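One file, structure.txt, carrying compact mmCIF, C-alpha atoms:
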```txt
# COMPACT_ATOMS: atom_id res chain seq x y z
CA MET A 1 21.48 147.37 -22.59
CA ILE A 2 22.22 150.34 -20.38
CA PRO A 3 20.02 150.66 -17.27
CA ILE A 4 17.97 153.84 -17.08
CA SER A 5 19.55 154.63 -13.71
CA TRP A 6 22.94 155.29 -15.31
CA TYR A 7 21.55 158.07 -17.49
CA LEU A 8 19.57 159.59 -14.63
CA ILE A 9 22.58 159.57 -12.29
CA LEU A 10 24.74 161.10 -15.03
CA ALA A 11 22.16 163.85 -15.57
CA ALA A 12 21.93 164.51 -11.81
CA ALA A 13 25.72 164.76 -11.58
CA LEU A 14 25.89 167.12 -14.58
CA PHE A 15 23.14 169.26 -13.04
CA SER A 16 25.03 169.45 -9.72
CA ILE A 17 28.27 170.43 -11.47
CA GLY A 18 26.39 173.18 -13.29
CA LEU A 19 24.83 174.31 -10.02
CA PHE A 20 28.29 174.51 -8.45
CA GLY A 21 29.45 176.62 -11.39
CA VAL A 22 26.51 179.01 -11.04
CA LEU A 23 27.04 179.42 -7.30
CA ALA A 24 30.82 179.53 -7.13
CA ARG A 25 32.16 181.28 -10.24
CA LYS A 26 33.04 184.96 -10.14
CA ASN A 27 32.85 185.66 -13.84
CA ALA A 28 29.34 186.32 -15.17
CA VAL A 29 30.09 184.47 -18.43
CA ALA A 30 31.16 181.45 -16.36
CA ILE A 31 27.84 181.60 -14.50
CA LEU A 32 26.06 181.36 -17.85
CA LEU A 33 28.27 178.38 -18.73
CA GLY A 34 26.98 176.71 -15.55
CA VAL A 35 23.39 177.40 -16.60
CA GLU A 36 24.14 175.74 -19.95
CA LEU A 37 25.38 172.61 -18.15
CA MET A 38 22.17 172.47 -16.11
CA LEU A 39 20.00 172.82 -19.23
CA ASN A 40 21.94 169.98 -20.87
CA ALA A 41 21.32 167.78 -17.84
CA VAL A 42 17.58 168.46 -18.15
CA ASN A 43 17.69 167.57 -21.84
CA ILE A 44 19.46 164.27 -21.12
CA ASN A 45 16.66 163.43 -18.70
CA LEU A 46 13.96 164.30 -21.24
CA VAL A 47 15.50 162.18 -24.01
CA THR A 48 16.17 159.31 -21.58
CA PHE A 49 12.57 159.19 -20.36
CA TRP A 50 11.38 159.35 -23.96
CA ARG A 51 13.59 156.42 -24.97
CA TYR A 52 12.80 154.19 -21.98
CA ASN A 53 9.12 154.94 -21.46
CA ALA A 54 7.53 156.14 -24.71
CA PRO A 55 9.76 155.45 -27.74
CA GLU A 56 6.72 155.09 -30.01
CA THR A 57 5.81 158.79 -29.58
CA VAL A 58 7.78 161.96 -30.38
CA THR A 59 6.83 163.90 -27.25
CA GLY A 60 10.19 163.71 -25.48
CA GLN A 61 12.11 164.81 -28.55
CA VAL A 62 9.76 167.77 -29.11
CA PHE A 63 10.30 168.81 -25.48
CA ALA A 64 14.05 168.60 -25.98
CA ILE A 65 13.86 170.78 -29.11
CA ILE A 66 11.82 173.42 -27.25
CA VAL A 67 14.48 173.40 -24.51
CA PHE A 68 17.12 173.98 -27.21
CA ALA A 69 15.22 177.03 -28.46
CA VAL A 70 14.81 178.45 -24.96
CA ALA A 71 18.51 177.85 -24.21
CA ALA A 72 19.53 179.69 -27.37
CA ALA A 73 17.28 182.64 -26.47
CA GLU A 74 18.62 182.70 -22.91
CA VAL A 75 22.25 182.72 -24.05
CA ALA A 76 21.64 185.48 -26.61
CA VAL A 77 19.96 187.80 -24.11
CA GLY A 78 22.33 186.87 -21.26
CA LEU A 79 25.47 187.55 -23.24
CA ALA A 80 24.02 190.81 -24.59
CA LEU A 81 23.34 191.90 -20.99
CA ILE A 82 26.89 190.95 -19.96
CA ILE A 83 28.42 192.91 -22.85
CA SER A 84 26.23 195.90 -22.02
CA ILE A 85 27.27 195.71 -18.34
CA TYR A 86 30.90 195.41 -19.36
CA ARG A 87 30.63 198.58 -21.44
CA ASN A 88 28.94 200.57 -18.68
CA ARG A 89 30.71 199.24 -15.58
CA ASN A 90 33.94 197.87 -17.08
CA THR A 91 33.63 194.67 -15.07
CA ILE A 92 31.82 191.36 -15.32
CA VAL A 93 32.78 190.05 -11.89
CA ALA A 94 29.42 189.18 -10.35
CA ASP A 95 30.46 190.42 -6.89
CA ASP A 96 31.07 193.94 -8.22
CA LEU A 97 27.67 194.27 -9.86
CA ASP A 98 25.84 195.62 -6.84
CA MET A 99 24.13 198.74 -8.19
CA MET A 100 20.72 197.23 -7.45
CA LYS A 101 21.70 196.47 -3.85
CA TRP A 102 19.79 198.70 -1.47
CA MET B 1 27.17 149.68 -25.29
CA LYS B 2 27.94 149.95 -21.60
CA ILE B 3 31.61 150.66 -22.29
CA LEU B 4 30.67 153.34 -24.83
CA PHE B 5 28.30 154.89 -22.32
CA LEU B 6 30.98 154.92 -19.62
CA ILE B 7 33.52 156.53 -21.98
CA PHE B 8 31.13 159.28 -23.05
CA ALA B 9 29.87 159.80 -19.49
CA ALA B 10 33.47 160.22 -18.30
CA ILE B 11 34.17 162.72 -21.10
CA THR B 12 30.99 164.66 -20.29
CA LEU B 13 31.45 164.82 -16.53
CA GLY B 14 35.20 165.39 -16.64
CA SER B 15 35.00 168.27 -19.07
CA ALA B 16 31.97 169.69 -17.22
CA PHE B 17 34.09 169.72 -14.08
CA MET B 18 36.84 171.53 -15.99
CA VAL B 19 34.26 174.10 -17.23
CA VAL B 20 33.41 175.15 -13.69
CA THR B 21 36.94 175.05 -12.25
CA THR B 22 39.41 176.13 -14.93
CA LYS B 23 40.94 179.57 -14.61
CA LYS B 24 41.07 180.83 -18.18
CA MET B 25 37.62 181.59 -19.56
CA VAL B 26 38.58 180.68 -23.13
CA HIS B 27 39.61 177.25 -21.87
CA ALA B 28 36.31 176.95 -20.01
CA ALA B 29 34.47 177.65 -23.28
CA PHE B 30 36.50 174.96 -25.06
CA TRP B 31 35.80 172.47 -22.25
CA LEU B 32 32.12 173.31 -22.68
CA ILE B 33 32.43 172.26 -26.33
CA ALA B 34 33.87 168.90 -25.17
CA THR B 35 30.96 168.50 -22.74
CA LEU B 36 28.44 169.26 -25.48
CA PHE B 37 30.02 166.68 -27.80
CA GLY B 38 29.83 164.11 -25.00
CA VAL B 39 26.14 164.87 -24.47
CA ALA B 40 25.55 164.60 -28.24
CA ALA B 41 27.15 161.14 -28.19
CA LEU B 42 24.82 160.16 -25.34
CA TYR B 43 21.83 161.26 -27.44
CA ALA B 44 23.13 159.09 -30.27
CA LEU B 45 23.35 156.15 -27.83
CA LEU B 46 19.70 156.83 -26.93
CA ASN B 47 18.65 156.43 -30.62
CA ALA B 48 17.87 160.16 -30.82
CA GLY B 49 19.97 160.93 -33.89
CA PHE B 50 18.19 164.13 -34.80
CA ILE B 51 18.59 165.52 -31.29
CA ALA B 52 22.29 164.64 -31.40
CA MET B 53 22.72 166.56 -34.66
CA VAL B 54 20.74 169.54 -33.31
CA GLN B 55 22.93 169.45 -30.22
CA ILE B 56 26.06 169.76 -32.35
CA VAL B 57 24.66 172.36 -34.76
CA VAL B 58 22.91 174.60 -32.22
CA TYR B 59 25.02 174.17 -29.10
CA VAL B 60 28.51 173.66 -30.50
CA GLY B 61 27.99 175.65 -33.67
CA ALA B 62 26.08 178.62 -32.27
CA ILE B 63 25.99 178.82 -28.48
CA ALA B 64 29.61 177.83 -27.80
CA ILE B 65 30.82 180.25 -30.49
CA LEU B 66 28.67 182.98 -28.91
CA PHE B 67 30.34 182.23 -25.58
CA ILE B 68 33.81 182.50 -27.14
CA PHE B 69 32.85 185.87 -28.65
CA ALA B 70 31.58 187.09 -25.28
CA VAL B 71 34.76 185.92 -23.56
CA MET B 72 36.88 187.80 -26.07
CA LEU B 73 34.78 190.97 -25.87
CA THR B 74 35.06 191.06 -22.05
CA ARG B 75 38.73 190.35 -21.93
CA LYS B 76 39.85 192.56 -19.06
CA ASP B 77 38.53 190.46 -16.19
CA LEU B 78 39.84 187.27 -17.63
CA ARG B 79 43.48 187.65 -16.70
CA ASP B 80 44.91 184.42 -15.43
CA ASN B 81 46.07 185.60 -12.01
CA ALA B 82 42.57 186.24 -10.64
CA LYS B 83 40.95 183.45 -8.67
CA PRO B 84 38.05 181.94 -10.64
CA LEU B 85 35.92 181.04 -7.60
CA ASN B 86 34.40 183.42 -5.10
CA LYS B 87 34.95 183.17 -1.36
CA ASN B 88 31.80 181.13 -0.73
CA TRP B 89 32.85 178.30 -3.04
CA THR B 90 33.02 175.70 -0.24
CA TRP B 91 29.37 176.37 0.56
CA ALA B 92 28.57 176.12 -3.13
CA ALA B 93 30.36 172.75 -3.29
CA ILE B 94 28.49 171.48 -0.23
CA PHE B 95 25.21 172.65 -1.73
CA ALA B 96 25.98 170.98 -5.07
CA VAL B 97 26.85 167.67 -3.37
CA LEU B 98 23.70 167.90 -1.25
CA SER B 99 21.55 168.55 -4.31
CA PHE B 100 23.10 165.53 -6.03
CA GLY B 101 22.37 163.41 -2.97
CA GLY B 102 18.82 164.73 -2.82
CA LEU B 103 18.21 164.03 -6.51
CA PHE B 104 19.70 160.56 -6.13
CA SER B 105 17.54 159.64 -3.14
CA LEU B 106 14.44 161.00 -4.92
CA LEU B 107 15.27 158.89 -7.97
CA ARG B 108 15.81 155.82 -5.78
CA GLN B 109 12.22 156.07 -4.55
CA TRP B 110 10.85 156.09 -8.09
CA PRO B 111 9.70 152.54 -9.01
CA GLY B 112 10.92 152.80 -12.61
CA PHE B 113 14.48 153.48 -11.49
CA SER B 114 15.48 149.81 -11.69
CA GLN B 115 14.42 149.45 -15.35
CA ALA B 116 17.27 147.44 -16.84
CA GLY B 117 16.92 148.21 -20.52
CA ALA B 118 15.03 150.27 -23.08
CA PRO B 119 12.23 148.76 -25.16
CA GLU B 120 13.05 148.03 -28.79
CA MET B 121 12.53 150.86 -31.25
CA ALA B 122 9.66 150.15 -33.65
CA ALA B 123 11.12 148.84 -36.91
CA GLY B 124 10.55 150.76 -40.13
CA VAL B 125 9.54 154.04 -38.48
CA ASP B 126 11.52 157.07 -39.61
CA MET B 127 11.85 159.12 -36.42
CA VAL B 128 12.94 162.31 -38.21
CA THR B 129 9.89 162.25 -40.46
CA GLU B 130 7.62 161.62 -37.46
CA LEU B 131 9.23 164.49 -35.58
CA GLY B 132 9.01 166.93 -38.48
CA THR B 133 5.36 166.08 -39.07
CA ALA B 134 4.53 166.43 -35.40
CA LEU B 135 6.20 169.84 -35.17
CA VAL B 136 4.03 171.39 -37.92
CA SER B 137 0.85 169.38 -37.47
CA PRO B 138 -2.16 171.23 -35.99
CA ASP B 139 -3.03 168.06 -34.08
CA ALA B 140 0.34 167.95 -32.38
CA TYR B 141 2.92 170.59 -31.53
CA ILE B 142 2.51 173.51 -33.92
CA LEU B 143 1.55 175.91 -31.12
CA PRO B 144 4.66 175.31 -28.94
CA PHE B 145 6.73 175.39 -32.14
CA GLU B 146 5.37 178.81 -33.11
CA VAL B 147 5.71 180.12 -29.55
CA ALA B 148 9.36 179.05 -29.61
CA SER B 149 9.79 180.92 -32.91
CA VAL B 150 8.31 184.10 -31.42
CA LEU B 151 10.51 183.67 -28.33
CA LEU B 152 13.61 183.39 -30.52
CA LEU B 153 12.60 186.49 -32.50
CA ALA B 154 12.00 188.43 -29.28
CA ALA B 155 15.35 187.29 -27.88
CA LEU B 156 17.07 188.32 -31.12
CA ILE B 157 15.57 191.82 -31.09
CA GLY B 158 16.15 192.17 -27.35
CA ALA B 159 19.78 191.09 -27.61
CA VAL B 160 20.45 193.58 -30.41
CA TYR B 161 18.75 196.37 -28.46
CA VAL B 162 20.52 195.64 -25.16
CA ALA B 163 23.98 195.20 -26.67
CA ASN B 164 23.72 198.19 -28.99
CA GLU B 165 25.05 201.02 -26.88
CA ALA B 166 25.07 203.82 -29.46
CA LYS B 167 21.36 203.71 -30.20
CA ASN B 168 20.41 203.86 -26.52
CA LYS B 169 21.81 207.34 -25.94
```
Would you write the structure of this file as structure tokens?
Amino acid sequence: MIPISWYLILAAALFSIGLFGVLARKNAVAILLGVELMLNAVNINLVTFWRYNAPETVTGQVFAIIVFAVAAAEVAVGLALIISIYRNRNTIVADDLDMMKW
Amino acid sequence: MKILFLIFAAITLGSAFMVVTTKKMVHAAFWLIATLFGVAALYALLNAGFIAMVQIVVYVGAIAILFIFAVMLTRKDLRDNAKPLNKNWTWAAIFAVLSFGGLFSLLRQWPGFSQAGAPEMAAGVDMVTELGTALVSPDAYILPFEVASVLLLAALIGAVYVANEAKNK
């Protein structure tokens, strides 16, 4: 069997890669891609803890499904915002979007 | 099992690394699809077949396609000569490595971290049936389920309103 630590380390690594993407990428769509990676890492953790600690219940899987729904909502709104910004400002480079900077 | 896990973990992490470093955004979206398939395979290894299918249908089938549409609609900034990372990317890398180290040391302190294997799944229990019943049962998770539905509806309407330029003026 696979030790639980392997899954948890994998999820931590995936989360850190996503964090790097959010912090380092210029393109706003790429930042959202990083957020997706982080959400996937969280879901791996949820399903892993369900499988190793409470496989007789459904709690972990329900949590994972709710995270799916929230991720879908986040992507829909985020991409709509990016398309709207692109139409108004003609750029989606995150450094150029400074109209709310005081 | 361990070899399968290592193969899928390598696919997931390798393509996730390509997602955050590759220059062309369309390629990044395709690498994201590879990552999502790797994660779906990990769910299958964890005996969560329904979650694996939902991962493929919702993430690969809907979210990744949405990303590809967004990449194509915002084409101008995605020329290949621009640098994909901003000037603070070394700090971002240091911060990401530090967060991984922090997570790892936190996990090391947790007593359940050394658990060598998962308990056996109960025989004769249909997990999909259990899950479906729990999602619509008043004793279980119908309230979060309905809240998620309302959230999705709100996101749908909000996305249409925000992206629809002509109606706003």
Pick the closest to chain A from B:Ala41, B:His27, B:Met1, B:Val60: which is it, counting all atoms listed in the file?
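So, comparing all the options, the nearest one is B:Met1.
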For chain B, report every residue with an atom at most 7 Å from chain A (counting all atoms listed in the file), formatted as a VMD selection string.
chain B and resid 1 to 2 9 13 16 to 17 20 46 63 70 74 77 84 to 86 88 to 89 92 to 93 96 to 97 99 to 100 103 to 104 113 to 119 121 to 122 131 148 152 155 158 to 159 162 to 163
Writing out the chosen residues with C-alpha atoms as a PDB file, in the frame of the given file:
```pdb
ATOM      1  CA  MET B   1      27.170 149.680 -25.290  1.00  0.00           C
ATOM      2  CA  LYS B   2      27.940 149.950 -21.600  1.00  0.00           C
ATOM      3  CA  ALA B   9      29.870 159.800 -19.490  1.00  0.00           C
ATOM      4  CA  LEU B  13      31.450 164.820 -16.530  1.00  0.00           C
ATOM      5  CA  ALA B  16      31.970 169.690 -17.220  1.00  0.00           C
ATOM      6  CA  PHE B  17      34.090 169.720 -14.080  1.00  0.00           C
ATOM      7  CA  VAL B  20      33.410 175.150 -13.690  1.00  0.00           C
ATOM      8  CA  LEU B  46      19.700 156.830 -26.930  1.00  0.00           C
ATOM      9  CA  ILE B  63      25.990 178.820 -28.480  1.00  0.00           C
ATOM     10  CA  ALA B  70      31.580 187.090 -25.280  1.00  0.00           C
ATOM     11  CA  THR B  74      35.060 191.060 -22.050  1.00  0.00           C
ATOM     12  CA  ASP B  77      38.530 190.460 -16.190  1.00  0.00           C
ATOM     13  CA  PRO B  84      38.050 181.940 -10.640  1.00  0.00           C
ATOM     14  CA  LEU B  85      35.920 181.040  -7.600  1.00  0.00           C
ATOM     15  CA  ASN B  86      34.400 183.420  -5.100  1.00  0.00           C
ATOM     16  CA  ASN B  88      31.800 181.130  -0.730  1.00  0.00           C
ATOM     17  CA  TRP B  89      32.850 178.300  -3.040  1.00  0.00           C
ATOM     18  CA  ALA B  92      28.570 176.120  -3.130  1.00  0.00           C
ATOM     19  CA  ALA B  93      30.360 172.750  -3.290  1.00  0.00           C
ATOM     20  CA  ALA B  96      25.980 170.980  -5.070  1.00  0.00           C
ATOM     21  CA  VAL B  97      26.850 167.670  -3.370  1.00  0.00           C
ATOM     22  CA  SER B  99      21.550 168.550  -4.310  1.00  0.00           C
ATOM     23  CA  PHE B 100      23.100 165.530  -6.030  1.00  0.00           C
ATOM     24  CA  LEU B 103      18.210 164.030  -6.510  1.00  0.00           C
ATOM     25  CA  PHE B 104      19.700 160.560  -6.130  1.00  0.00           C
ATOM     26  CA  PHE B 113      14.480 153.480 -11.490  1.00  0.00           C
ATOM     27  CA  SER B 114      15.480 149.810 -11.690  1.00  0.00           C
ATOM     28  CA  GLN B 115      14.420 149.450 -15.350  1.00  0.00           C
ATOM     29  CA  ALA B 116      17.270 147.440 -16.840  1.00  0.00           C
ATOM     30  CA  GLY B 117      16.920 148.210 -20.520  1.00  0.00           C
ATOM     31  CA  ALA B 118      15.030 150.270 -23.080  1.00  0.00           C
ATOM     32  CA  PRO B 119      12.230 148.760 -25.160  1.00  0.00           C
ATOM     33  CA  MET B 121      12.530 150.860 -31.250  1.00  0.00           C
ATOM     34  CA  ALA B 122       9.660 150.150 -33.650  1.00  0.00           C
ATOM     35  CA  LEU B 131       9.230 164.490 -35.580  1.00  0.00           C
ATOM     36  CA  ALA B 148       9.360 179.050 -29.610  1.00  0.00           C
ATOM     37  CA  LEU B 152      13.610 183.390 -30.520  1.00  0.00           C
ATOM     38  CA  ALA B 155      15.350 187.290 -27.880  1.00  0.00           C
ATOM     39  CA  GLY B 158      16.150 192.170 -27.350  1.00  0.00           C
ATOM     40  CA  ALA B 159      19.780 191.090 -27.610  1.00  0.00           C
ATOM     41  CA  VAL B 162      20.520 195.640 -25.160  1.00  0.00           C
ATOM     42  CA  ALA B 163      23.980 195.200 -26.670  1.00  0.00           C
TER      43      ALA B 163
END
```
From CA of Glu146 (chain B) to CA of Ala134 (chain B) the spacing works out at 12.6 Å
Suppose you want the space between CA of Lys83 (chain B) and CA of Phe30 (chain B); what is it in Å?
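Interatomic distance, CA of Lys83 (chain B) to CA of Phe30 (chain B): 19.0 Å.
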Show me, as JSON, the centre and edge lengths in Å to one decimal of the axis-aligned box that covers every listed atom of region 131-149 of chain B with 3 Å on each side.
```
{"center_x": 3.4, "center_y": 172.7, "center_z": -34.0, "size_x": 18.8, "size_y": 22.4, "size_z": 16.1}
```
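Counting from CA of Phe69 (chain B), the distance to CA of Met25 (chain B) is 11.1 Å.
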Of the candidates B:Val26, B:Ser105, B:Ala40, B:Val125, which one gets nearest to Leu73 (chain B) if we count only C-alpha atoms?
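Between B:Val26, B:Ser105, B:Ala40, B:Val125, the residue approaching Leu73 (chain B) most closely is B:Val26.
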